[in-house]
Amino acid sequence: MNNRISMDPKVSHGQACIQGTRIPVHQIVHMLAQGDTVEELLKEYPSLTQEDIFACLDYAATFG
């Protein structure tokens, strides 16, 4: 997980984001909570991998 999630004060106001993107962890977790599937997220964000999405869940479970 550590190499998939980053926090940079210059990116998205320092929020936890998927490494190399401006996609905040909270956005992915929220979309999953609203019923989106991993497959739908991968279509919506083609630059993401399944591992990125699971890293978001792991981050939320650890630090949420």
# chains A, B, ... in the order shown; residues from 1 in each chain; ligands from 1

$ select_by_dssp --residues "chain A" --states "helix (DSSP H, G or I)" --output "PyMOL selection string"
chain A and resi 12-14+25-33+38-44+50-63

$ write_last_selection --atoms "N, CA and C atoms" --output "compact mmCIF listing (two decimals), in the first residue's frame"
# COMPACT_ATOMS: atom_id res chain seq x y z
N SER A 12 -3.74 18.20 -4.54
CA SER A 12 -5.05 18.03 -3.87
C SER A 12 -5.02 18.46 -2.41
N HIS A 13 -4.37 19.57 -2.15
CA HIS A 13 -4.31 20.16 -0.80
C HIS A 13 -3.74 19.19 0.24
N GLY A 14 -2.85 18.30 -0.19
CA GLY A 14 -2.20 17.39 0.74
C GLY A 14 -3.02 16.17 1.12
N VAL A 25 -7.98 9.37 -2.22
CA VAL A 25 -8.41 8.10 -1.66
C VAL A 25 -9.88 8.18 -1.27
N HIS A 26 -10.28 9.26 -0.64
CA HIS A 26 -11.66 9.37 -0.16
C HIS A 26 -12.66 9.29 -1.31
N GLN A 27 -12.29 9.76 -2.49
CA GLN A 27 -13.20 9.70 -3.63
C GLN A 27 -13.46 8.26 -4.06
N ILE A 28 -12.42 7.45 -4.11
CA ILE A 28 -12.56 6.05 -4.49
C ILE A 28 -13.38 5.30 -3.43
N VAL A 29 -13.06 5.53 -2.17
CA VAL A 29 -13.79 4.85 -1.09
C VAL A 29 -15.26 5.27 -1.11
N HIS A 30 -15.52 6.54 -1.32
CA HIS A 30 -16.91 7.03 -1.38
C HIS A 30 -17.66 6.38 -2.54
N MET A 31 -17.04 6.28 -3.69
CA MET A 31 -17.69 5.67 -4.85
C MET A 31 -18.02 4.20 -4.58
N LEU A 32 -17.10 3.49 -3.94
CA LEU A 32 -17.37 2.10 -3.59
C LEU A 32 -18.52 2.02 -2.59
N ALA A 33 -18.54 2.93 -1.63
CA ALA A 33 -19.61 2.94 -0.62
C ALA A 33 -20.96 3.24 -1.25
N VAL A 38 -15.57 -2.36 -8.46
CA VAL A 38 -14.17 -2.17 -8.85
C VAL A 38 -14.08 -2.08 -10.38
N GLU A 39 -14.81 -2.91 -11.07
CA GLU A 39 -14.79 -2.89 -12.53
C GLU A 39 -15.26 -1.55 -13.09
N GLU A 40 -16.30 -0.98 -12.48
CA GLU A 40 -16.78 0.33 -12.92
C GLU A 40 -15.73 1.42 -12.68
N LEU A 41 -15.07 1.35 -11.54
CA LEU A 41 -14.03 2.34 -11.26
C LEU A 41 -12.87 2.21 -12.25
N LEU A 42 -12.51 1.00 -12.60
CA LEU A 42 -11.42 0.80 -13.55
C LEU A 42 -11.78 1.34 -14.93
N LYS A 43 -13.05 1.27 -15.30
CA LYS A 43 -13.50 1.86 -16.57
C LYS A 43 -13.51 3.38 -16.49
N GLU A 44 -13.95 3.89 -15.35
CA GLU A 44 -14.03 5.35 -15.15
C GLU A 44 -12.64 5.98 -15.07
N GLN A 50 -6.47 -2.45 -10.11
CA GLN A 50 -7.21 -3.05 -9.00
C GLN A 50 -6.43 -2.88 -7.71
N GLU A 51 -5.12 -3.00 -7.78
CA GLU A 51 -4.28 -2.85 -6.59
C GLU A 51 -4.37 -1.43 -6.02
N ASP A 52 -4.49 -0.42 -6.90
CA ASP A 52 -4.66 0.96 -6.44
C ASP A 52 -5.95 1.09 -5.62
N ILE A 53 -7.01 0.49 -6.13
CA ILE A 53 -8.31 0.58 -5.44
C ILE A 53 -8.24 -0.13 -4.10
N PHE A 54 -7.63 -1.30 -4.07
CA PHE A 54 -7.50 -2.02 -2.81
C PHE A 54 -6.61 -1.25 -1.83
N ALA A 55 -5.61 -0.55 -2.35
CA ALA A 55 -4.75 0.27 -1.49
C ALA A 55 -5.56 1.40 -0.86
N CYS A 56 -6.53 1.95 -1.59
CA CYS A 56 -7.40 2.98 -1.03
C CYS A 56 -8.20 2.43 0.13
N LEU A 57 -8.74 1.23 -0.05
CA LEU A 57 -9.51 0.61 1.04
C LEU A 57 -8.62 0.32 2.24
N ASP A 58 -7.43 -0.18 1.97
CA ASP A 58 -6.49 -0.48 3.06
C ASP A 58 -6.12 0.81 3.80
N TYR A 59 -5.88 1.87 3.06
CA TYR A 59 -5.53 3.16 3.67
C TYR A 59 -6.69 3.64 4.55
N ALA A 60 -7.92 3.56 4.01
CA ALA A 60 -9.09 4.02 4.77
C ALA A 60 -9.28 3.18 6.03
N ALA A 61 -9.05 1.88 5.94
CA ALA A 61 -9.21 1.02 7.10
C ALA A 61 -8.15 1.30 8.15
N THR A 62 -6.97 1.67 7.71
CA THR A 62 -5.86 1.92 8.62
C THR A 62 -5.93 3.31 9.24
N PHE A 63 -6.22 4.31 8.41
CA PHE A 63 -6.14 5.70 8.87
C PHE A 63 -7.48 6.42 8.90

$ atom_distance --atom1 "atom CA of Thr37 of chain A" --atom2 "atom CA of Pro9 of chain A"
29.6 Å

$ residues_around --residues "Ile5 of chain A" --least-positions-apart "4" --cutoff "6 Å" --atoms "only C-alpha atoms" --output "ChimeraX atom specification"
/A:17-19

$ write_last_selection --atoms "C-alpha atoms" --output "PDB file, in the first residue's frame"
ATOM      1  CA  CYS A  17      -4.118  10.363  -3.302  1.00  0.00           C
ATOM      2  CA  ILE A  18      -3.315   7.442  -5.507  1.00  0.00           C
ATOM      3  CA  GLN A  19       0.385   7.753  -6.367  1.00  0.00           C
TER       4      GLN A  19
END

$ atom_distance --atom1 "atom CA of Ser47 of chain A" --atom2 "atom CA of Gln34 of chain A"
21.1 Å

$ atom_distance --atom1 "atom CA of Asp8 of chain A" --atom2 "atom CA of Gly35 of chain A"
28.7 Å

$ select_by_dssp --residues "chain A" --states "strand (DSSP E or B)" --output "JSON, numbers by chain"
{"A": [5, 6, 7, 16, 17, 18, 24]}

$ decode --residues "segment 25-49 of chain A" --atoms "N, CA and C atoms" --output "tab-separated table (two decimals), in the first residue's frame"
chain	number	residue	atom	x	y	z
A	25	VAL	N	-7.98	9.37	-2.22
A	25	VAL	CA	-8.41	8.10	-1.66
A	25	VAL	C	-9.88	8.18	-1.27
A	26	HIS	N	-10.28	9.26	-0.64
A	26	HIS	CA	-11.66	9.37	-0.16
A	26	HIS	C	-12.66	9.29	-1.31
A	27	GLN	N	-12.29	9.76	-2.49
A	27	GLN	CA	-13.20	9.70	-3.63
A	27	GLN	C	-13.46	8.26	-4.06
A	28	ILE	N	-12.42	7.45	-4.11
A	28	ILE	CA	-12.56	6.05	-4.49
A	28	ILE	C	-13.38	5.30	-3.43
A	29	VAL	N	-13.06	5.53	-2.17
A	29	VAL	CA	-13.79	4.85	-1.09
A	29	VAL	C	-15.26	5.27	-1.11
A	30	HIS	N	-15.52	6.54	-1.32
A	30	HIS	CA	-16.91	7.03	-1.38
A	30	HIS	C	-17.66	6.38	-2.54
A	31	MET	N	-17.04	6.28	-3.69
A	31	MET	CA	-17.69	5.67	-4.85
A	31	MET	C	-18.02	4.20	-4.58
A	32	LEU	N	-17.10	3.49	-3.94
A	32	LEU	CA	-17.37	2.10	-3.59
A	32	LEU	C	-18.52	2.02	-2.59
A	33	ALA	N	-18.54	2.93	-1.63
A	33	ALA	CA	-19.61	2.94	-0.62
A	33	ALA	C	-20.96	3.24	-1.25
A	34	GLN	N	-20.97	3.98	-2.35
A	34	GLN	CA	-22.21	4.30	-3.04
A	34	GLN	C	-22.66	3.19	-3.99
A	35	GLY	N	-21.88	2.10	-4.06
A	35	GLY	CA	-22.32	0.96	-4.85
A	35	GLY	C	-21.56	0.72	-6.14
A	36	ASP	N	-20.63	1.61	-6.48
A	36	ASP	CA	-19.82	1.36	-7.68
A	36	ASP	C	-18.97	0.12	-7.45
A	37	THR	N	-18.74	-0.62	-8.51
A	37	THR	CA	-17.90	-1.81	-8.42
A	37	THR	C	-16.47	-1.46	-8.80
A	38	VAL	N	-15.57	-2.36	-8.46
A	38	VAL	CA	-14.17	-2.17	-8.85
A	38	VAL	C	-14.08	-2.08	-10.38
A	39	GLU	N	-14.81	-2.91	-11.07
A	39	GLU	CA	-14.79	-2.89	-12.53
A	39	GLU	C	-15.26	-1.55	-13.09
A	40	GLU	N	-16.30	-0.98	-12.48
A	40	GLU	CA	-16.78	0.33	-12.92
A	40	GLU	C	-15.73	1.42	-12.68
A	41	LEU	N	-15.07	1.35	-11.54
A	41	LEU	CA	-14.03	2.34	-11.26
A	41	LEU	C	-12.87	2.21	-12.25
A	42	LEU	N	-12.51	1.00	-12.60
A	42	LEU	CA	-11.42	0.80	-13.55
A	42	LEU	C	-11.78	1.34	-14.93
A	43	LYS	N	-13.05	1.27	-15.30
A	43	LYS	CA	-13.50	1.86	-16.57
A	43	LYS	C	-13.51	3.38	-16.49
A	44	GLU	N	-13.95	3.89	-15.35
A	44	GLU	CA	-14.03	5.35	-15.15
A	44	GLU	C	-12.64	5.98	-15.07
A	45	TYR	N	-11.71	5.27	-14.47
A	45	TYR	CA	-10.33	5.75	-14.29
A	45	TYR	C	-9.36	4.73	-14.89
A	46	PRO	N	-9.18	4.75	-16.20
A	46	PRO	CA	-8.36	3.71	-16.84
A	46	PRO	C	-6.90	3.69	-16.40
A	47	SER	N	-6.43	4.74	-15.78
A	47	SER	CA	-5.03	4.74	-15.32
A	47	SER	C	-4.86	3.97	-14.02
A	48	LEU	N	-5.97	3.63	-13.34
A	48	LEU	CA	-5.89	2.91	-12.07
A	48	LEU	C	-5.81	1.41	-12.29
A	49	THR	N	-5.31	0.74	-11.27
A	49	THR	CA	-5.29	-0.71	-11.26
A	49	THR	C	-6.15	-1.19	-10.10
